[in-house]
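Asker: One file is attached below, query32.cif, containing mmCIF, C-alpha atoms.
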```cif
data_target
loop_
_atom_site.group_PDB
_atom_site.id
_atom_site.type_symbol
_atom_site.label_atom_id
_atom_site.label_comp_id
_atom_site.auth_asym_id
_atom_site.auth_seq_id
_atom_site.Cartn_x
_atom_site.Cartn_y
_atom_site.Cartn_z
ATOM 1 C CA MET Q 1 45.895 4.620 -8.939
ATOM 2 C CA SER Q 2 42.822 4.896 -6.704
ATOM 3 C CA MET Q 3 40.787 1.843 -5.664
ATOM 4 C CA THR Q 4 37.534 3.775 -5.110
ATOM 5 C CA GLU Q 5 34.830 3.628 -7.718
ATOM 6 C CA PRO Q 6 34.066 6.917 -9.433
ATOM 7 C CA GLY Q 7 30.513 8.015 -8.633
ATOM 8 C CA GLY Q 8 30.085 4.977 -6.386
ATOM 9 C CA GLY Q 9 26.735 6.049 -4.949
ATOM 10 C CA GLY Q 10 27.479 6.119 -1.253
ATOM 11 C CA LEU Q 11 24.701 7.215 1.065
ATOM 12 C CA ASP Q 12 22.187 8.036 -1.687
ATOM 13 C CA VAL Q 13 22.161 4.410 -2.829
ATOM 14 C CA MET Q 14 21.882 3.135 0.749
ATOM 15 C CA ASP Q 15 18.979 5.520 1.452
ATOM 16 C CA ARG Q 16 17.104 4.357 -1.661
ATOM 17 C CA GLU Q 17 17.683 0.681 -0.822
ATOM 18 C CA LEU Q 18 16.534 1.190 2.781
ATOM 19 C CA GLU Q 19 13.396 3.037 1.642
ATOM 20 C CA LYS Q 20 12.611 0.213 -0.820
ATOM 21 C CA LEU Q 21 12.977 -2.415 1.928
ATOM 22 C CA LEU Q 22 10.717 -0.469 4.276
ATOM 23 C CA GLU Q 23 8.059 -0.083 1.578
ATOM 24 C CA GLU Q 24 8.207 -3.789 0.699
ATOM 25 C CA GLU Q 25 7.855 -4.708 4.356
ATOM 26 C CA ALA Q 26 4.767 -2.495 4.689
ATOM 27 C CA VAL Q 27 2.938 -4.394 1.943
ATOM 28 C CA GLU Q 28 1.127 -7.394 3.394
ATOM 29 C CA PRO Q 29 0.542 -10.590 1.427
ATOM 30 C CA GLY Q 30 -2.339 -12.947 2.094
ATOM 31 C CA ASP Q 31 -6.044 -13.494 1.549
ATOM 32 C CA HIS Q 32 -6.636 -9.742 1.422
ATOM 33 C CA GLU Q 33 -5.431 -9.864 -2.199
ATOM 34 C CA ARG Q 34 -8.714 -11.488 -3.237
ATOM 35 C CA PHE Q 35 -10.800 -8.453 -2.228
ATOM 36 C CA SER Q 36 -11.334 -4.796 -3.022
ATOM 37 C CA HIS Q 37 -10.749 -2.627 0.029
ATOM 38 C CA TYR Q 38 -12.135 0.684 1.254
ATOM 39 C CA VAL Q 39 -9.555 3.488 1.333
ATOM 40 C CA LYS Q 40 -10.013 7.264 1.375
ATOM 41 C CA LYS Q 41 -9.903 8.624 -2.195
ATOM 42 C CA ASP Q 42 -7.181 11.167 -1.381
ATOM 43 C CA LYS Q 43 -4.957 8.343 -0.097
ATOM 44 C CA ILE Q 44 -5.368 6.478 -3.409
ATOM 45 C CA LEU Q 45 -4.272 9.597 -5.302
ATOM 46 C CA GLN Q 46 -1.291 10.124 -2.976
ATOM 47 C CA SER Q 47 -0.266 6.505 -3.508
ATOM 48 C CA ALA Q 48 -0.543 6.850 -7.289
ATOM 49 C CA LEU Q 49 1.764 9.873 -7.186
ATOM 50 C CA SER Q 50 4.251 8.617 -4.586
ATOM 51 C CA GLY Q 51 4.167 4.843 -5.095
ATOM 52 C CA LYS Q 52 3.744 4.354 -1.350
ATOM 53 C CA PRO Q 53 1.286 1.844 0.161
ATOM 54 C CA VAL Q 54 -2.189 2.766 1.428
ATOM 55 C CA LYS Q 55 -4.005 1.401 4.468
ATOM 56 C CA ALA Q 56 -7.573 0.098 4.121
ATOM 57 C CA LEU Q 57 -10.258 0.351 6.800
ATOM 58 C CA CYS Q 58 -9.538 -3.286 7.741
ATOM 59 C CA GLY Q 59 -5.841 -2.515 8.252
ATOM 60 C CA LYS Q 60 -4.555 -4.100 5.021
ATOM 61 C CA LYS Q 61 -1.535 -2.255 3.556
ATOM 62 C CA TRP Q 62 -0.723 -2.485 -0.143
ATOM 63 C CA ILE Q 63 0.103 -0.485 -3.247
ATOM 64 C CA PRO Q 64 -3.058 -0.139 -5.369
ATOM 65 C CA GLY Q 65 -2.638 -1.189 -8.955
ATOM 66 C CA ARG Q 66 -5.548 -3.351 -10.056
ATOM 67 C CA ASP Q 67 -9.163 -2.767 -11.002
ATOM 68 C CA PRO Q 68 -11.213 -2.985 -7.775
ATOM 69 C CA GLU Q 69 -14.364 -3.670 -9.813
ATOM 70 C CA LYS Q 70 -13.044 -7.165 -10.584
ATOM 71 C CA PHE Q 71 -13.022 -8.300 -6.936
ATOM 72 C CA PRO Q 72 -15.632 -8.639 -4.176
ATOM 73 C CA VAL Q 73 -15.571 -6.054 -1.381
ATOM 74 C CA CYS Q 74 -13.568 -7.036 1.697
ATOM 75 C CA PRO Q 75 -16.114 -8.129 4.346
ATOM 76 C CA ASP Q 76 -14.092 -6.486 7.132
ATOM 77 C CA CYS Q 77 -13.882 -3.146 5.283
ATOM 78 C CA LYS Q 78 -17.597 -3.308 4.490
ATOM 79 C CA ALA Q 79 -18.547 -3.993 8.137
ATOM 80 C CA ILE Q 80 -16.362 -1.119 9.375
ATOM 81 C CA TYR Q 81 -17.757 1.228 6.723
ATOM 82 C CA GLU Q 82 -21.372 0.308 7.597
ATOM 83 C CA LYS Q 83 -20.625 0.921 11.267
ATOM 84 C CA MET Q 84 -19.139 4.344 10.445
ATOM 85 C CA LYS Q 85 -22.206 5.288 8.349
ATOM 86 C CA ALA Q 86 -24.552 4.356 11.199
ATOM 87 C CA GLU Q 87 -22.867 6.724 13.660
#
```
Take the structure I supplied and represent it as structure tokens, if you would.

Answerer:
Amino acid sequence: MSMTEPGGGGLDVMDRELEKLLEEEAVEPGDHERFSHYVKKDKILQSALSGKPVKALCGKKWIPGRDPEKFPVCPDCKAIYEKMKAE
């Protein structure tokens, strides 16, 4: 009688768990949650398809999933965006 579990996952399970931990660590909590942030449109689409976090102009990392119209624009993102437009 063998003591190993049939189909016990092995490295595939460890890889998935490690990837999940890394993704969770990349998402930053805090006051940034009260704002809508500026992110390149193609990055939003990539995030929607992959489930991976995006990075806003202000540096905030998160996984988009709420209606940005319901929140005020992040003042840091807005200032950076205005500076970029002026150049």

Asker: Given the choices Q:Cys58, Q:Cys77, Q:Ile63, Q:Met84, which gets closest to Gln46 in chain Q if the distance is worked out from all atoms listed in the file?

Answerer: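 Using all atoms listed in the file, the shortest distance to Gln46 in chain Q belongs to Q:Ile63.
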
Asker: Could you work out how far CA of Gly59 in chain Q lies from CA of Lys78 in chain Q, giving the answer in Å with one decimal?

Answerer: 12.4 Å

Asker: Skipping near chain neighbours, those fewer than 6 positions away, what residues fall within 12 Å of Ile80 in chain Q using all atoms listed in the file, listed as a list of chain:residue names?

Answerer: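 Residues near the query, excluding close chain neighbours: Q:His37, Q:Tyr38, Q:Val39, Q:Ala56, Q:Leu57, Q:Cys58, Q:Gly59, Q:Val73, Q:Cys74, Q:Ala86, Q:Glu87.
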
Asker: Find the distance between CA of Pro72 in chain Q and CA of Ser36 in chain Q and write it in Å to one decimal.

Answerer: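 Between CA of Pro72 in chain Q and CA of Ser36 in chain Q the gap works out to 5.9 Å.
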
Asker: May I ask which of the residues Q:Val54, Q:Pro75, Q:Leu49, Q:Tyr81 is the closest one to Phe35 in chain Q, counting all atoms listed in the file?

Answerer: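 Among Q:Val54, Q:Pro75, Q:Leu49, Q:Tyr81, it is Q:Pro75 that comes nearest to Phe35 in chain Q.
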
Asker: Around all the atoms of range 67-78 of chain Q listed in the file, draw an axis-aligned box and extend it by 4 Å on each of the six sides; I want its centre and edge lengths in Å to one decimal, as lines of an AutoDock Vina configuration file.

Answerer:
```
center_x = -13.4
center_y = -5.7
center_z = -1.9
size_x = 16.4
size_y = 13.9
size_z = 26.1
```

Asker: List the spatial neighbours of Ser47 in chain Q as a VMD selection string - criterion: any atom at most 12 Å away, all atoms listed in the file, same-chain residues fewer than 3 positions off excluded.

Answerer: chain Q and resid 23 39 to 44 50 to 55 61 to 65

Asker: Nearest residue to Arg34 in chain Q out of Q:Ala48, Q:Glu82, Q:Lys70, Q:Asp76, using all atoms listed in the file?

Answerer: Q:Lys70
